[in-house]
Amino acid sequence: MKPFESIEEELRRRDPGWWDRIVHNIPELDTLAGTPQPERFHAEGDVAEHTKLTIEACPPDCDPDLLWAALLHDVGKPLVTKDEDDKITAHGHHAVGAEIAERILELLQMEPARRERIVWAIRHHTFHLSWNLTAPEQASQKHRRFVADQRFPLLLELLRVDSAASLGHPRGMQAYELYSRLRKSVVAEA
């Protein structure tokens with residue numbers, strides 16, 4: 001059994017103590033605890049609590065790559081989080097996190113194709129924040145090409161579980177519903 005496989009089983013089962021065992025095996029996750037997030041968007045607490053809730057939002061029979069994307073999607077936040085003038089930001093955490101995730105997954109001996117798919121989802125998991133679309137019809141050709149990507153369904157599911165873990169903030173689920181409709185429209189056209 002490769003190292004990533006035993007962790008993947010922990011992520012799927014979530015037996016008591018699962019988080020501590022995973023942090024023991026992936027020390028980069030230790031710094032998530034205590035890394036603050038803006039309460040307005042993350043009433044659930046720090047990055048570790050948000051990450052646990054994101055994993056718990058994954059269905060038991062989900063794509064295993066979703067479990068990994070959920071686990072590592074905010075791994076870059078401890079390195080970029082700033083609290084300036086009572087405003088907490090984590091600009092660029094998606095890009096930093098993608099690099100860290102790539103290294104972790106390679107060390108855990110995950111095959112390159114899966115690594116690439118997971119890292120792509122992590123790198124793009126904040127896409128909806130910059131697109132600012134309110135209806136599928138507003139999507140440009142560039143948006144439509146991105147949504148047509150075969151990896152997009154994983155990214156869409158990551159958006160769903162990430163949003164579910166952001167307690168009390170409806171914006172993410174609204175984005176999930178919008179981009180689900182856009183994806184269906186793009187697939188129907190193809």
# chains A, B, ... in the order shown; residues from 1 in each chain; ligands from 1
$ select_by_dssp --residues "chain A" --states "strand (DSSP E)" --output "PDB file with C-alpha atoms, in the first residue's frame"
ATOM      1  CA  LYS A  82      -2.419  38.626   7.050  1.00  0.00           C
ATOM      2  CA  ASP A  83      -4.377  40.554   9.639  1.00  0.00           C
ATOM      3  CA  GLU A  84      -4.041  44.227   8.771  1.00  0.00           C
ATOM      4  CA  LYS A  87      -9.074  42.688   8.098  1.00  0.00           C
ATOM      5  CA  ILE A  88      -7.949  39.092   7.593  1.00  0.00           C
ATOM      6  CA  THR A  89      -6.846  38.211   4.057  1.00  0.00           C
TER       7      THR A  89
END
$ residues_around --residues "Arg13 of chain A" --least-positions-apart "3" --cutoff "8 Å" --atoms "only C-alpha atoms" --output "ChimeraX atom specification"
/A:9-10,60
$ residues_around --residues "Asn25 of chain A" --least-positions-apart "5" --cutoff "12 Å" --atoms "only C-alpha atoms" --output "CSV table (one decimal) with C-alpha atoms, in the first residue's frame"
chain,number,residue,atom,x,y,z
A,3,PRO,CA,1.4,6.1,1.7
A,4,PHE,CA,-1.5,8.1,0.1
A,5,GLU,CA,-3.8,5.1,0.1
A,6,SER,CA,-3.9,4.7,3.9
A,7,ILE,CA,-4.5,8.5,4.3
A,8,GLU,CA,-7.3,8.3,1.7
A,10,GLU,CA,-8.8,7.7,6.8
A,18,TRP,CA,-9.0,10.8,12.1
A,19,TRP,CA,-7.9,14.4,11.9
A,20,ASP,CA,-5.0,14.0,14.3
A,30,ASP,CA,-0.5,21.4,11.6
A,104,ILE,CA,2.8,16.5,-0.5
A,105,LEU,CA,1.1,14.3,-3.0
A,107,LEU,CA,5.9,12.5,-1.4
A,108,LEU,CA,2.9,10.3,-0.6
$ residues_around --residues "segment 135-138 of chain A" --least-positions-apart "2" --cutoff "8 Å" --atoms "only C-alpha atoms" --output "PyMOL selection string"
chain A and resi 133+140+178-179+181-182
$ atom_distance --atom1 "atom CA of Leu32 of chain A" --atom2 "atom CA of His93 of chain A"
12.3 Å
$ residues_around --residues "Ala148 of chain A" --least-positions-apart "2" --cutoff "12 Å" --atoms "only C-alpha atoms" --output "count of residues only"
25
$ select_by_dssp --residues "segment 64-185 of chain A" --states "helix (DSSP H, G or I)" --output "count of residues only"
85
